[in-house]
>>> print(open('input03.cif').read())   # mmCIF, C-alpha atoms
data_target
loop_
_atom_site.label_atom_id
_atom_site.label_comp_id
_atom_site.auth_asym_id
_atom_site.auth_seq_id
_atom_site.Cartn_x
_atom_site.Cartn_y
_atom_site.Cartn_z
CA MET I 1 26.13 132.97 33.57
CA THR I 2 23.94 130.68 35.69
CA ILE I 3 21.76 128.40 33.60
CA THR I 4 18.37 128.44 35.32
CA ALA I 5 15.61 125.88 34.94
CA ALA I 6 13.39 128.62 33.47
CA LEU I 7 15.98 129.34 30.76
CA VAL I 8 16.27 125.64 29.91
CA LYS I 9 12.48 125.37 29.71
CA GLU I 10 12.28 128.41 27.42
CA LEU I 11 14.81 126.85 25.04
CA ARG I 12 12.98 123.52 25.15
CA ASP I 13 9.65 125.21 24.33
CA ARG I 14 11.34 127.00 21.45
CA THR I 15 13.17 124.01 19.97
CA SER I 16 11.40 120.85 21.28
CA ALA I 17 14.85 119.44 22.09
CA GLY I 18 15.49 117.35 25.20
CA MET I 19 16.07 119.08 28.55
CA SER I 20 19.64 117.82 28.89
CA ASP I 21 20.47 118.87 25.32
CA CYS I 22 19.04 122.34 25.99
CA LYS I 23 21.09 122.69 29.19
CA LYS I 24 24.29 121.63 27.42
CA ALA I 25 23.63 124.04 24.53
CA LEU I 26 23.04 126.94 26.93
CA GLU I 27 26.19 126.13 28.87
CA ALA I 28 28.20 126.00 25.63
CA THR I 29 26.88 129.39 24.49
CA GLY I 30 26.99 131.28 27.78
CA GLY I 31 23.24 131.29 28.18
CA ASP I 32 22.53 132.98 24.80
CA LEU I 33 19.15 131.64 23.70
CA ASP I 34 19.59 132.44 20.02
CA LYS I 35 23.05 130.88 19.84
CA ALA I 36 21.89 127.87 21.86
CA ALA I 37 18.92 127.34 19.53
CA GLU I 38 21.23 127.53 16.51
CA LYS I 39 23.64 125.07 18.12
CA LEU I 40 20.82 122.63 18.79
CA ARG I 41 19.68 122.97 15.19
CA MET I 42 23.18 122.28 13.84
CA ASP I 43 23.78 119.41 16.26
CA GLY I 44 20.42 117.98 15.30
CA MET I 45 21.27 118.09 11.61
CA ALA I 46 24.52 116.25 12.28
CA LYS I 47 22.70 113.59 14.29
CA ALA I 48 20.10 113.24 11.55
CA ASP I 49 22.79 112.72 8.93
CA LYS I 50 24.38 109.95 11.02
CA LYS I 51 21.03 108.17 11.36
CA GLY I 52 20.23 108.52 7.67
CA ALA I 53 21.69 105.15 6.68
CA ARG I 54 19.54 103.15 9.12
CA VAL I 55 16.68 101.13 7.66
CA ALA I 56 13.29 102.84 7.98
CA ALA I 57 10.66 100.32 6.90
CA GLU I 58 7.69 101.21 9.13
CA GLY I 59 5.56 104.31 8.66
CA VAL I 60 2.33 105.65 7.22
CA ILE I 61 0.67 106.53 3.94
CA ALA I 62 -0.85 110.03 3.91
CA LEU I 63 -3.35 111.39 1.38
CA ALA I 64 -4.38 114.88 0.32
CA SER I 65 -7.39 115.34 -1.96
CA GLY I 66 -8.28 118.26 -4.22
CA ASP I 67 -10.88 118.99 -6.90
CA ASP I 68 -8.67 117.86 -9.75
CA ALA I 69 -6.00 115.64 -8.17
CA ILE I 70 -5.05 113.45 -5.20
CA ALA I 71 -1.60 113.13 -3.63
CA LEU I 72 -0.18 110.08 -1.87
CA VAL I 73 2.95 110.12 0.31
CA GLU I 74 4.87 107.41 2.14
CA LEU I 75 6.69 108.54 5.28
CA ASN I 76 8.92 105.95 6.96
CA SER I 77 10.33 105.42 10.43
CA GLU I 78 12.39 102.66 12.00
CA THR I 79 9.69 101.48 14.41
CA ASP I 80 5.92 101.18 14.34
CA PHE I 81 5.79 102.95 17.71
CA VAL I 82 7.16 106.18 16.21
CA SER I 83 4.88 105.95 13.16
CA LYS I 84 1.84 105.99 15.47
CA GLY I 85 2.85 109.31 17.06
CA ASP I 86 0.75 112.41 16.41
CA ASP I 87 3.77 114.50 15.33
CA PHE I 88 4.81 111.86 12.81
CA LYS I 89 1.33 111.57 11.31
CA ALA I 90 0.92 115.36 11.22
CA PHE I 91 4.21 115.71 9.34
CA ALA I 92 3.14 113.04 6.84
CA GLN I 93 -0.08 114.97 6.21
CA GLN I 94 1.85 118.21 5.78
CA VAL I 95 4.06 116.55 3.16
CA ALA I 96 0.98 115.27 1.30
CA ASP I 97 -0.71 118.69 1.42
CA LEU I 98 2.37 120.42 0.01
CA ALA I 99 2.81 117.76 -2.68
CA LEU I 100 -0.78 118.35 -3.83
CA LYS I 101 -0.43 122.14 -3.69
CA HIS I 102 2.90 122.49 -5.49
CA ARG I 103 3.08 119.22 -7.53
CA PRO I 104 6.90 119.09 -7.50
CA ALA I 105 8.80 117.30 -10.25
CA ASP I 106 10.58 114.85 -7.95
CA LEU I 107 11.35 113.95 -4.35
CA GLU I 108 14.27 116.36 -4.15
CA ALA I 109 12.04 119.25 -5.19
CA LEU I 110 9.37 118.16 -2.69
CA LEU I 111 11.82 118.16 0.23
CA LYS I 112 12.97 121.68 -0.67
CA LEU I 113 9.46 123.13 -0.32
CA ASP I 114 8.91 125.73 2.38
CA ALA I 115 7.02 124.16 5.29
CA GLY I 116 6.57 127.36 7.27
CA ASN I 117 9.50 126.77 9.61
CA GLY I 118 12.23 125.82 7.18
CA SER I 119 12.05 123.33 4.33
CA LEU I 120 10.36 119.94 4.60
CA ASP I 121 13.78 118.32 4.74
CA GLU I 122 14.89 120.60 7.57
CA GLN I 123 11.77 119.69 9.51
CA ARG I 124 12.38 116.01 8.80
CA ARG I 125 15.94 116.21 10.06
CA GLY I 126 14.76 118.05 13.15
CA MET I 127 12.36 115.19 13.88
CA VAL I 128 15.20 112.68 13.47
CA ALA I 129 17.26 114.59 16.03
CA ARG I 130 14.39 114.80 18.52
CA ILE I 131 13.05 111.27 18.15
CA GLY I 132 16.34 109.43 17.64
CA GLU I 133 15.20 107.38 14.64
CA ASN I 134 15.79 107.70 10.93
CA ILE I 135 12.73 109.24 9.27
CA SER I 136 12.46 109.46 5.51
CA VAL I 137 10.00 110.70 2.91
CA ARG I 138 10.33 107.70 0.64
CA ARG I 139 8.05 108.55 -2.29
CA PHE I 140 5.03 110.51 -3.41
CA ALA I 141 2.64 110.63 -6.34
CA VAL I 142 0.13 113.19 -7.53
CA VAL I 143 -2.63 111.65 -9.65
CA ALA I 144 -4.63 114.13 -11.73
CA LYS I 145 -8.09 113.66 -13.21
CA SER I 146 -8.11 112.17 -16.68
CA GLY I 147 -11.55 112.84 -18.09
CA GLY I 148 -13.57 110.89 -15.53
CA ASP I 149 -13.90 110.52 -11.79
CA ILE I 150 -10.92 110.17 -9.47
CA ALA I 151 -11.24 107.97 -6.39
CA HIS I 152 -9.13 106.81 -3.49
CA TYR I 153 -9.14 104.08 -0.88
CA MET I 154 -7.14 103.98 2.35
CA HIS I 155 -6.68 100.79 4.33
CA GLY I 156 -5.83 102.33 7.67
CA ALA I 157 -2.63 104.29 7.18
CA LYS I 158 -0.74 101.35 5.70
CA ILE I 159 -2.12 101.08 2.13
CA GLY I 160 -3.25 103.94 -0.09
CA VAL I 161 -4.71 103.75 -3.60
CA VAL I 162 -5.71 106.43 -6.10
CA VAL I 163 -7.54 105.64 -9.35
CA ALA I 164 -8.13 108.08 -12.21
CA MET I 165 -10.87 107.09 -14.64
CA LYS I 166 -11.20 108.00 -18.30
CA GLN I 167 -14.90 107.34 -17.91
CA GLY I 168 -17.24 105.59 -15.50
CA SER I 169 -19.10 106.31 -12.29
CA ALA I 170 -17.64 107.26 -8.93
CA GLU I 171 -19.00 103.99 -7.50
CA VAL I 172 -17.05 101.90 -10.04
CA ALA I 173 -13.93 103.96 -9.42
CA ARG I 174 -14.24 103.30 -5.68
CA ASP I 175 -14.72 99.57 -6.26
CA VAL I 176 -11.65 99.46 -8.49
CA ALA I 177 -9.61 101.31 -5.86
CA MET I 178 -10.64 98.77 -3.22
CA HIS I 179 -9.74 95.93 -5.58
CA ILE I 180 -6.28 97.41 -6.19
CA ALA I 181 -5.69 97.71 -2.44
CA ALA I 182 -6.57 94.04 -1.96
CA SER I 183 -5.01 92.46 -5.07
CA SER I 184 -1.97 94.69 -5.71
CA PRO I 185 -1.78 94.65 -9.53
CA ARG I 186 1.58 95.82 -10.90
CA PHE I 187 0.32 97.13 -14.26
CA LEU I 188 -2.90 98.43 -15.80
CA ASP I 189 -3.24 95.93 -18.66
CA ALA I 190 -1.24 93.57 -20.90
CA ASP I 191 -0.01 96.43 -23.10
CA ALA I 192 1.52 98.12 -20.05
CA VAL I 193 3.70 95.13 -19.05
CA PRO I 194 7.34 95.90 -19.99
CA GLU I 195 9.10 93.48 -22.34
CA ASP I 196 11.90 92.84 -19.84
CA VAL I 197 9.33 91.65 -17.25
CA LEU I 198 7.89 89.19 -19.79
CA ALA I 199 11.36 88.00 -20.83
CA ALA I 200 12.38 87.35 -17.23
CA GLU I 201 9.20 85.39 -16.52
CA ARG I 202 9.58 83.38 -19.73
CA LYS I 203 13.05 82.26 -18.60
CA ILE I 204 11.63 81.13 -15.25
CA ILE I 205 8.78 79.24 -16.93
CA GLU I 206 11.16 77.57 -19.39
CA ALA I 207 13.41 76.42 -16.55
CA GLN I 208 10.48 75.10 -14.51
CA SER I 209 8.86 73.36 -17.49
CA ALA I 210 11.97 71.77 -19.01
CA GLU I 211 10.98 68.28 -17.88
CA GLN I 212 7.38 68.64 -19.07
CA ALA I 213 8.56 69.88 -22.46
CA ALA I 214 10.96 67.00 -23.03
CA GLY I 215 10.00 64.96 -26.10
CA LYS I 216 7.02 67.16 -27.04
CA PRO I 217 6.72 68.81 -30.48
CA ALA I 218 8.00 72.39 -30.64
CA GLU I 219 4.56 73.84 -31.47
CA ILE I 220 3.02 72.14 -28.42
CA VAL I 221 5.79 73.47 -26.18
CA ALA I 222 5.30 76.97 -27.62
CA LYS I 223 1.55 76.87 -26.90
CA MET I 224 2.24 75.65 -23.39
CA MET I 225 4.67 78.53 -22.79
CA ASP I 226 2.25 81.07 -24.25
CA GLY I 227 -0.53 79.82 -21.99
CA LYS I 228 1.61 80.21 -18.89
CA ILE I 229 2.69 83.70 -19.96
CA ARG I 230 -0.96 84.72 -20.47
CA LYS I 231 -1.77 83.43 -16.99
CA PHE I 232 1.17 85.41 -15.55
CA VAL I 233 0.06 88.60 -17.32
CA ALA I 234 -3.50 88.17 -16.02
CA GLU I 235 -2.19 87.81 -12.46
CA ILE I 236 -0.13 91.01 -12.50
CA THR I 237 -2.48 93.32 -14.44
CA LEU I 238 -5.52 95.15 -13.10
CA THR I 239 -7.78 94.28 -16.02
CA GLY I 240 -6.75 90.62 -16.02
CA GLN I 241 -7.37 89.92 -12.33
CA PRO I 242 -10.61 88.41 -10.99
CA PHE I 243 -12.63 91.23 -9.41
CA VAL I 244 -12.27 90.95 -5.64
CA LYS I 245 -16.02 91.47 -5.01
CA ASN I 246 -17.02 88.93 -7.68
CA PRO I 247 -14.23 86.51 -8.64
CA ASP I 248 -16.43 85.10 -11.45
CA GLN I 249 -15.68 88.20 -13.53
CA THR I 250 -12.43 89.97 -14.31
CA VAL I 251 -11.91 93.66 -13.68
CA ALA I 252 -11.94 94.12 -17.47
CA GLN I 253 -15.42 92.57 -17.59
CA LEU I 254 -16.56 94.75 -14.69
CA LEU I 255 -15.38 97.88 -16.48
CA LYS I 256 -17.02 96.85 -19.76
CA ALA I 257 -20.34 96.15 -18.03
CA HIS I 258 -20.37 99.69 -16.64
CA ASP I 259 -18.97 101.41 -19.74
CA ALA I 260 -15.95 102.43 -17.66
CA GLU I 261 -12.22 102.73 -18.33
CA VAL I 262 -9.25 103.28 -16.03
CA ALA I 263 -6.66 105.86 -17.07
CA SER I 264 -4.11 105.21 -14.32
CA PHE I 265 -3.67 104.13 -10.72
CA VAL I 266 -1.14 104.33 -7.90
CA ARG I 267 -0.88 101.95 -4.95
CA PHE I 268 1.45 102.55 -1.99
CA ALA I 269 1.93 100.05 0.83
CA VAL I 270 4.17 100.94 3.74
CA GLY I 271 7.59 99.36 3.51
CA GLU I 272 6.99 97.34 0.34
CA GLY I 273 10.29 96.51 -1.33
CA ILE I 274 12.37 97.55 1.68
CA GLU I 275 14.52 94.78 3.10
CA LYS I 276 13.85 94.84 6.83
CA GLU I 277 16.50 93.84 9.32
CA VAL I 278 15.33 90.75 11.22
CA THR I 279 16.44 90.71 14.83
CA ASN I 280 15.89 88.33 17.71
CA PHE I 281 14.52 90.37 20.60
CA ALA I 282 16.11 88.19 23.29
CA ASP I 283 19.50 88.40 21.58
CA GLU I 284 19.12 92.17 21.22
CA VAL I 285 18.40 92.59 24.95
CA ALA I 286 21.32 90.33 25.84
CA ALA I 287 23.65 92.29 23.58
CA GLN I 288 22.59 95.61 25.14
CA ALA I 289 23.15 94.11 28.59
CA GLY I 290 26.66 93.05 27.59
CA LEU I 291 25.87 89.34 27.94
#
>>> encode(input="input03.cif", output="structure tokens")
Amino acid sequence: MTITAALVKELRDRTSAGMSDCKKALEATGGDLDKAAEKLRMDGMAKADKKGARVAAEGVIALASGDDAIALVELNSETDFVSKGDDFKAFAQQVADLALKHRPADLEALLKLDAGNGSLDEQRRGMVARIGENISVRRFAVVAKSGGDIAHYMHGAKIGVVVAMKQGSAEVARDVAMHIAASSPRFLDADAVPEDVLAAERKIIEAQSAEQAAGKPAEIVAKMMDGKIRKFVAEITLTGQPFVKNPDQTVAQLLKAHDAEVASFVRFAVGEGIEKEVTNFADEVAAQAGL
């Protein structure tokens, strides 16, 4: 059967695959559109699996808001160029909307959700095949109301914060969300800091302060250590940090002044914790040119 340009275009419109891939699929299936579409889908899945190990550290944070909860999602790509595409951003929003609607137990359950044209994971793998980059849904969180207002703050599409209040005004909740975006606290308060985090920091402080502690009485050394630990805890906890809009007061003091209390918060920043591959652009071009 002759593979016409019109037939190739019809398959492309149906699958969004490249023209050359559509032509090859039609040739391999004798011009059968259904079989060609299935072949493209299977080939695309195979390509997606091969690209799955590549580092995807760029991307966007997407947010979906409801009456009683807010969902945050991080969708990653290999390059910032891809993350700025409309299809990429639309997919990120679709993932966030489905996370809010269904509130799945984990990432695996989220990716299995029906997205209207296959599961979310099938759509993701299809995008990988079309775009040629690894794309991954890295994480998501659904934060529900906890007695008070719930607020969010988005810094572009690169940082997203959700704060659930036990009590307090919407204005305070918004201010706290902005503070979290700027100051990146790891924990809510001192009680929320895990013991292993404190133990690890204590070892570092002891090693750094060994010379200062030499010859000093044990009780003085203990007080010195405790002071440094308290400073560390203040730096990594929301309530211990100086409020970004007024560094003369801590967030704890801000909350007390407004009779407010935070129940929980989530902060996502694109690519945080992912070890990015550092490449020299000139060397990369030379390598591709065989030099």
>>> atom_distance(input="input03.cif", atom1="CA of Val95 (chain I)", atom2="CA of Leu120 (chain I)")
7.3 Å
>>> resolve_selection(input="input03.cif", expression="the PyMOL selection byres ((chain I and resi 34) around 12)", output="count of residues only")
20
>>> residues_around(input="input03.cif", residues="Arg174 (chain I)", least_positions_apart="3", cutoff="10 Å", atoms="only C-alpha atoms", output="PyMOL selection string")
chain I and resi 149-153+161-163+169-171+177-180
>>> write_last_selection(input="input03.cif", atoms="C-alpha atoms", output="mmCIF file, keeping the file's coordinate frame")
data_model
loop_
_atom_site.group_PDB
_atom_site.id
_atom_site.type_symbol
_atom_site.label_atom_id
_atom_site.label_comp_id
_atom_site.auth_asym_id
_atom_site.auth_seq_id
_atom_site.Cartn_x
_atom_site.Cartn_y
_atom_site.Cartn_z
ATOM 1 C CA ASP I 149 -13.900 110.520 -11.790
ATOM 2 C CA ILE I 150 -10.920 110.170 -9.470
ATOM 3 C CA ALA I 151 -11.240 107.970 -6.390
ATOM 4 C CA HIS I 152 -9.130 106.810 -3.490
ATOM 5 C CA TYR I 153 -9.140 104.080 -0.880
ATOM 6 C CA VAL I 161 -4.710 103.750 -3.600
ATOM 7 C CA VAL I 162 -5.710 106.430 -6.100
ATOM 8 C CA VAL I 163 -7.540 105.640 -9.350
ATOM 9 C CA SER I 169 -19.100 106.310 -12.290
ATOM 10 C CA ALA I 170 -17.640 107.260 -8.930
ATOM 11 C CA GLU I 171 -19.000 103.990 -7.500
ATOM 12 C CA ALA I 177 -9.610 101.310 -5.860
ATOM 13 C CA MET I 178 -10.640 98.770 -3.220
ATOM 14 C CA HIS I 179 -9.740 95.930 -5.580
ATOM 15 C CA ILE I 180 -6.280 97.410 -6.190
#
>>> resolve_selection(input="input03.cif", expression="the PyMOL selection byres ((chain I and resi 93) around 9)", output="ChimeraX atom specification")
/I:61-64,73,88-92,94-98
>>> closest_residue(input="input03.cif", among="I:Gly59, I:Pro185, I:Gly168, I:Gly132", to="Thr237 (chain I)", atoms="all atoms listed in the file")
I:Pro185
>>> atom_distance(input="input03.cif", atom1="CA of Ile70 (chain I)", atom2="CA of Lys145 (chain I)")
8.6 Å
>>> resolve_selection(input="input03.cif", expression="the PyMOL selection byres ((chain I and resi 252) around 10)", output="VMD selection string")
chain I and resid 189 237 to 243 249 to 251 253 to 257 260 to 262
>>> atom_distance(input="input03.cif", atom1="CA of Leu72 (chain I)", atom2="CA of Ile159 (chain I)")
10.0 Å
>>> closest_residue(input="input03.cif", among="I:Phe268, I:Ala115, I:Gly215, I:Ala17", to="Ser184 (chain I)", atoms="all atoms listed in the file")
I:Phe268
>>> closest_residue(input="input03.cif", among="I:Leu111, I:Ala69, I:Val82, I:Leu198", to="Met165 (chain I)", atoms="all atoms listed in the file")
I:Ala69
>>> axis_aligned_box(input="input03.cif", around="region 217-230 of chain I", padding_each_side="5 Å", output="lines of an AutoDock Vina configuration file")
center_x = 3.5
center_y = 76.8
center_z = -25.2
size_x = 19.0
size_y = 25.9
size_z = 22.6
>>> closest_residue(input="input03.cif", among="I:Asp68, I:Val270, I:Gly116, I:Ala207", to="Gly160 (chain I)", atoms="only C-alpha atoms")
I:Val270
>>> build_atoms(input="input03.cif", residues="region 168-190 of chain I", atoms="N, CA, C and O atoms", output="short mmCIF file (atom, residue, chain, number, x, y, z; two decimals), in the coordinates of the input")
data_model
loop_
_atom_site.label_atom_id
_atom_site.label_comp_id
_atom_site.auth_asym_id
_atom_site.auth_seq_id
_atom_site.Cartn_x
_atom_site.Cartn_y
_atom_site.Cartn_z
N GLY I 168 -16.65 106.52 -16.47
CA GLY I 168 -17.24 105.59 -15.50
C GLY I 168 -17.67 106.32 -14.25
O GLY I 168 -17.22 107.43 -13.96
N SER I 169 -18.52 105.68 -13.48
CA SER I 169 -19.10 106.31 -12.29
C SER I 169 -18.13 106.32 -11.13
O SER I 169 -17.15 105.57 -11.09
N ALA I 170 -18.45 107.17 -10.14
CA ALA I 170 -17.64 107.26 -8.93
C ALA I 170 -17.70 105.95 -8.15
O ALA I 170 -16.73 105.54 -7.52
N GLU I 171 -18.84 105.26 -8.21
CA GLU I 171 -19.00 103.99 -7.50
C GLU I 171 -18.06 102.93 -8.08
O GLU I 171 -17.42 102.18 -7.34
N VAL I 172 -17.96 102.86 -9.40
CA VAL I 172 -17.05 101.90 -10.04
C VAL I 172 -15.61 102.25 -9.71
O VAL I 172 -14.79 101.37 -9.41
N ALA I 173 -15.29 103.53 -9.74
CA ALA I 173 -13.93 103.96 -9.42
C ALA I 173 -13.55 103.54 -8.01
O ALA I 173 -12.44 103.07 -7.76
N ARG I 174 -14.48 103.69 -7.07
CA ARG I 174 -14.24 103.30 -5.68
C ARG I 174 -14.03 101.79 -5.57
O ARG I 174 -13.15 101.32 -4.86
N ASP I 175 -14.86 101.02 -6.28
CA ASP I 175 -14.72 99.57 -6.26
C ASP I 175 -13.37 99.13 -6.82
O ASP I 175 -12.73 98.22 -6.30
N VAL I 176 -12.94 99.79 -7.88
CA VAL I 176 -11.65 99.46 -8.49
C VAL I 176 -10.52 99.80 -7.53
O VAL I 176 -9.55 99.04 -7.39
N ALA I 177 -10.64 100.92 -6.84
CA ALA I 177 -9.61 101.31 -5.86
C ALA I 177 -9.51 100.28 -4.75
O ALA I 177 -8.40 99.90 -4.33
N MET I 178 -10.65 99.79 -4.26
CA MET I 178 -10.64 98.77 -3.22
C MET I 178 -10.02 97.47 -3.74
O MET I 178 -9.27 96.79 -3.03
N HIS I 179 -10.33 97.13 -4.98
CA HIS I 179 -9.74 95.93 -5.58
C HIS I 179 -8.22 96.04 -5.65
O HIS I 179 -7.49 95.10 -5.32
N ILE I 180 -7.72 97.20 -6.07
CA ILE I 180 -6.28 97.41 -6.19
C ILE I 180 -5.61 97.28 -4.83
O ILE I 180 -4.53 96.69 -4.71
N ALA I 181 -6.24 97.82 -3.80
CA ALA I 181 -5.69 97.71 -2.44
C ALA I 181 -5.55 96.25 -2.04
O ALA I 181 -4.55 95.84 -1.43
N ALA I 182 -6.56 95.44 -2.37
CA ALA I 182 -6.57 94.04 -1.96
C ALA I 182 -5.69 93.15 -2.82
O ALA I 182 -5.02 92.25 -2.32
N SER I 183 -5.65 93.40 -4.14
CA SER I 183 -5.01 92.46 -5.07
C SER I 183 -3.66 92.92 -5.61
O SER I 183 -2.96 92.15 -6.27
N SER I 184 -3.30 94.17 -5.38
CA SER I 184 -1.97 94.69 -5.71
C SER I 184 -1.50 94.41 -7.14
O SER I 184 -0.42 93.82 -7.35
N PRO I 185 -2.26 94.82 -8.16
CA PRO I 185 -1.78 94.65 -9.53
C PRO I 185 -0.56 95.53 -9.78
O PRO I 185 -0.44 96.62 -9.22
N ARG I 186 0.36 95.05 -10.60
CA ARG I 186 1.58 95.82 -10.90
C ARG I 186 1.39 96.75 -12.09
O ARG I 186 2.03 97.80 -12.18
N PHE I 187 0.50 96.36 -13.03
CA PHE I 187 0.32 97.13 -14.26
C PHE I 187 -1.17 97.24 -14.58
O PHE I 187 -1.99 96.46 -14.09
N LEU I 188 -1.50 98.20 -15.45
CA LEU I 188 -2.90 98.43 -15.80
C LEU I 188 -3.46 97.29 -16.65
O LEU I 188 -4.50 96.71 -16.35
N ASP I 189 -2.77 96.98 -17.76
CA ASP I 189 -3.24 95.93 -18.66
C ASP I 189 -2.05 95.27 -19.35
O ASP I 189 -0.90 95.62 -19.07
N ALA I 190 -2.31 94.34 -20.24
CA ALA I 190 -1.24 93.57 -20.90
C ALA I 190 -0.30 94.49 -21.68
O ALA I 190 0.91 94.24 -21.73
#
